[in-house]
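**Student:** Take this structure, written in structure tokens, and hold onto it; I'll ask about it next.
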Amino acid sequence: MSAGWVAGVTRARAMRSRCLGITGIRDVALAPTLDDALRYLSGTAYRRGLDPEASLAEAQRIVGATLLWHLRVLAGWQPRGGAAAIRVLAAGFEISNAEDHLRALSGADPTRSPRPYPLGTLATVWPRLSRTGSPAELRAELAASVWGDPGADSPAAVATGMRVSAAVRTAAAVPEAARWAAGRLALLFAREVFLVGRRLTEPSVRRAARLLGYGAVRAASFADFRQRLPESARWALDGLDAAADLWRAEARWWDRLDRDGSELLRASRLDAGPVVGAVAALSTDAWRVRGALELAARGGGSPEVSDAPA
């Protein structure tokens, strides 16, 4: 086993200390105001870049930026295989940058657009996307990259197309995360088609079928969709009778990510497993902190952490 994996796995296990944890997240959620919650976070690993006067949306984005920084630090300690896995798992940040850039290209007020997430070595095509001057150019850059053609250049088509692509690439490149990716894609597809009522573009449908199967992606109802899913994806929708209950499945997906990630971190392995586990633990913690901040902004509460809003 190479020294690179020894160092990478050691750092991955140490990164667990950056998590706020259930007790800390509950304390944030119980804060009577957003200001109080931000003061609490200023003494934690989420203090990086924290603005004590931030709005809820700004504070939640800062939490996301802190997660990205932790992933960049973790990637810097990895051999090539570990860094590649983290890059795939961090794809959501590149998607967010592309969405913000596309909104600006589509005429959104540039003063309201957040600064792009600094991806560093975790970027795949963001530097090229950032230089595009129209939605059509952005779509062309995606089509020529690992992301593939989203099928249209509308904000919805690009956002969904990139998320479908990320799930498929994750399942192929990171075996430890394959079930997470399949379950996540099932949730995305169900929400878009059966809750929002928006059909995916044909390239995205074909891509989704690689994980979900053609029977599922061509299903006419939510019940039929759930029934036709492969076991690797169906778990995410178990017990749901209607698309309106997908929010419960979302929280359950994050719970699964947390449990599986913890198991990977505890395993006595010197490979990508504990590294993937660290990404799962850090990501789940950040998602829950964002939800706790929302509760604090509403006056505070004592929720079940697993049901914290996104």
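Each chain in the structure tokens gets a letter, A, B and so on, in the order shown; residues start at 1 in every chain, and ligands are counted from 1 in the order they appear.
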Report as a tab-separated table the residues of range 100-132 of chain A within 12 Å of range 143-162 of chain A, each with its shortest atom pair and distance in Å (one decimal), using only C-alpha atoms, ordered by chain and increasing residue number.

**Tutor:**
```
residue	atom	partner	partner_atom	distance
A:Asp100	CA	A:Pro155	CA	9.2
A:His101	CA	A:Pro155	CA	9.8
A:Leu102	CA	A:Pro155	CA	6.5
A:Arg103	CA	A:Pro155	CA	6.9
A:Ala104	CA	A:Pro155	CA	10.4
A:Leu105	CA	A:Pro155	CA	10.0
A:Ser106	CA	A:Pro155	CA	8.4
A:Gly107	CA	A:Pro155	CA	11.6
A:Ala108	CA	A:Pro155	CA	11.5
A:Ala123	CA	A:Val146	CA	11.6
A:Thr124	CA	A:Val146	CA	8.0
A:Val125	CA	A:Ser145	CA	7.1
A:Trp126	CA	A:Ser145	CA	10.4
A:Arg128	CA	A:Ser145	CA	10.1
A:Leu129	CA	A:Ser145	CA	10.3
```

**Student:** Give me the residues near Gly300 in chain A as a PyMOL selection string, where near means some atom within 10 Å (using only C-alpha atoms) and where sequence neighbours in that chain fewer than 4 positions away do not count.

**Tutor:** chain A and resi 26-34+36-37+292-296

**Student:** Deliver the residues from the most recent selection as a file, using N, CA and C atoms, as an mmCIF file, in the first residue's frame.

**Tutor:**
```
data_model
loop_
_atom_site.group_PDB
_atom_site.id
_atom_site.type_symbol
_atom_site.label_atom_id
_atom_site.label_comp_id
_atom_site.auth_asym_id
_atom_site.auth_seq_id
_atom_site.Cartn_x
_atom_site.Cartn_y
_atom_site.Cartn_z
ATOM 1 N N ARG A 26 -28.092 20.734 16.711
ATOM 2 C CA ARG A 26 -29.281 21.020 17.520
ATOM 3 C C ARG A 26 -29.156 22.379 18.221
ATOM 4 N N ASP A 27 -27.962 22.691 18.696
ATOM 5 C CA ASP A 27 -27.754 23.986 19.342
ATOM 6 C C ASP A 27 -27.986 25.136 18.359
ATOM 7 N N VAL A 28 -27.541 24.963 17.130
ATOM 8 C CA VAL A 28 -27.776 25.991 16.111
ATOM 9 C C VAL A 28 -29.270 26.134 15.845
ATOM 10 N N ALA A 29 -29.958 25.015 15.717
ATOM 11 C CA ALA A 29 -31.389 25.049 15.432
ATOM 12 C C ALA A 29 -32.175 25.690 16.569
ATOM 13 N N LEU A 30 -31.704 25.524 17.797
ATOM 14 C CA LEU A 30 -32.401 26.073 18.963
ATOM 15 C C LEU A 30 -32.128 27.560 19.174
ATOM 16 N N ALA A 31 -31.170 28.103 18.460
ATOM 17 C CA ALA A 31 -30.858 29.526 18.626
ATOM 18 C C ALA A 31 -32.103 30.354 18.305
ATOM 19 N N PRO A 32 -32.430 31.362 19.137
ATOM 20 C CA PRO A 32 -33.672 32.130 18.930
ATOM 21 C C PRO A 32 -33.641 33.063 17.727
ATOM 22 N N THR A 33 -32.457 33.381 17.229
ATOM 23 C CA THR A 33 -32.349 34.243 16.052
ATOM 24 C C THR A 33 -31.220 33.745 15.168
ATOM 25 N N LEU A 34 -31.223 34.183 13.925
ATOM 26 C CA LEU A 34 -30.127 33.843 13.018
ATOM 27 C C LEU A 34 -28.814 34.418 13.529
ATOM 28 N N ASP A 36 -27.863 34.811 16.591
ATOM 29 C CA ASP A 36 -27.369 33.930 17.650
ATOM 30 C C ASP A 36 -26.738 32.669 17.054
ATOM 31 N N ALA A 37 -27.377 32.140 16.028
ATOM 32 C CA ALA A 37 -26.854 30.934 15.389
ATOM 33 C C ALA A 37 -25.495 31.211 14.745
ATOM 34 N N ALA A 292 -30.443 23.812 9.989
ATOM 35 C CA ALA A 292 -30.525 24.369 11.337
ATOM 36 C C ALA A 292 -30.532 25.892 11.298
ATOM 37 N N LEU A 293 -29.776 26.480 10.392
ATOM 38 C CA LEU A 293 -29.781 27.937 10.244
ATOM 39 C C LEU A 293 -31.166 28.439 9.836
ATOM 40 N N GLU A 294 -31.820 27.693 8.972
ATOM 41 C CA GLU A 294 -33.175 28.091 8.560
ATOM 42 C C GLU A 294 -34.127 28.061 9.746
ATOM 43 N N LEU A 295 -34.002 27.053 10.588
ATOM 44 C CA LEU A 295 -34.854 26.982 11.778
ATOM 45 C C LEU A 295 -34.557 28.142 12.729
ATOM 46 N N ALA A 296 -33.290 28.480 12.914
ATOM 47 C CA ALA A 296 -32.935 29.600 13.777
ATOM 48 C C ALA A 296 -33.513 30.901 13.221
#
```

**Student:** Do a neighbour search on Val279 in chain A at 8 Å with only C-alpha atoms, toss out local chain neighbours closer than 2 positions, and write the hits as a list in words.

**Tutor:**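 Counting only the stated atoms, we get Leu71, Ile86, Leu89, Gly261, Val275, Val276, Gly277, Ala281, Leu282 and Ser283 of chain A.
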
**Student:** What does the file look like for those residues with N, CA and C atoms, as a PDB file, in the first residue's frame?

**Tutor:**
```pdb
ATOM      1  N   LEU A  71     -13.219  19.973   1.408  1.00  0.00           N
ATOM      2  CA  LEU A  71     -13.002  18.961   0.365  1.00  0.00           C
ATOM      3  C   LEU A  71     -11.722  19.239  -0.417  1.00  0.00           C
ATOM      4  N   ILE A  86     -12.908  12.522  -5.077  1.00  0.00           N
ATOM      5  CA  ILE A  86     -13.443  13.731  -4.453  1.00  0.00           C
ATOM      6  C   ILE A  86     -13.932  14.701  -5.520  1.00  0.00           C
ATOM      7  N   LEU A  89     -17.321  13.592  -6.573  1.00  0.00           N
ATOM      8  CA  LEU A  89     -18.313  13.774  -5.517  1.00  0.00           C
ATOM      9  C   LEU A  89     -18.611  15.247  -5.250  1.00  0.00           C
ATOM     10  N   GLY A 261     -21.404   6.597   5.222  1.00  0.00           N
ATOM     11  CA  GLY A 261     -20.134   7.292   5.325  1.00  0.00           C
ATOM     12  C   GLY A 261     -19.403   6.971   6.612  1.00  0.00           C
ATOM     13  N   VAL A 275     -11.961   7.780   2.363  1.00  0.00           N
ATOM     14  CA  VAL A 275     -11.992   9.118   1.756  1.00  0.00           C
ATOM     15  C   VAL A 275     -13.411   9.454   1.316  1.00  0.00           C
ATOM     16  N   VAL A 276     -14.070   8.510   0.660  1.00  0.00           N
ATOM     17  CA  VAL A 276     -15.468   8.700   0.265  1.00  0.00           C
ATOM     18  C   VAL A 276     -16.335   8.876   1.507  1.00  0.00           C
ATOM     19  N   GLY A 277     -16.028   8.104   2.561  1.00  0.00           N
ATOM     20  CA  GLY A 277     -16.774   8.236   3.806  1.00  0.00           C
ATOM     21  C   GLY A 277     -16.639   9.617   4.405  1.00  0.00           C
ATOM     22  N   ALA A 281     -19.613  12.293   5.255  1.00  0.00           N
ATOM     23  CA  ALA A 281     -19.816  12.855   6.600  1.00  0.00           C
ATOM     24  C   ALA A 281     -19.799  14.378   6.567  1.00  0.00           C
ATOM     25  N   LEU A 282     -18.832  14.957   5.877  1.00  0.00           N
ATOM     26  CA  LEU A 282     -18.737  16.412   5.791  1.00  0.00           C
ATOM     27  C   LEU A 282     -19.938  17.005   5.058  1.00  0.00           C
ATOM     28  N   SER A 283     -20.358  16.356   3.990  1.00  0.00           N
ATOM     29  CA  SER A 283     -21.484  16.863   3.194  1.00  0.00           C
ATOM     30  C   SER A 283     -22.787  16.808   3.980  1.00  0.00           C
TER      31      SER A 283
END
```

**Student:** Report, in Å with one decimal, the straight-line distance from CA of Ala136 in chain A to CA of Pro114 in chain A.

**Tutor:** 21.9 Å

**Student:** Compare A:Arg218, A:Arg298, A:Arg80, A:Arg115 by their minimum atom-to-atom distance to Ile62 in chain A, counting only C-alpha atoms, and give me the closest one.

**Tutor:** A:Arg115

**Student:** Out of A:Leu20, A:Ala98, A:Leu56, A:Ala249, which residue has the shortest atom-to-atom distance to Leu41 in chain A when counting only C-alpha atoms?

**Tutor:**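 The answer is A:Leu20, which sits nearest to Leu41 in chain A.
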
**Student:** Could you please determine the separation between CA of Leu119 in chain A and CA of Arg61 in chain A in Å, to one decimal place?

**Tutor:**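 Computing the Euclidean distance for CA of Leu119 in chain A and CA of Arg61 in chain A yields 14.2 Å.
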
**Student:** Could you give me, as a PyMOL selection string, each residue of range 96-256 of chain A that DSSP assigns to alpha helix (DSSP H) when run on this structure's backbone?

**Tutor:** chain A and resi 96-105+126-129+135-143+155-173+178-190+202-212+214-217+222-228+231-234+246-256
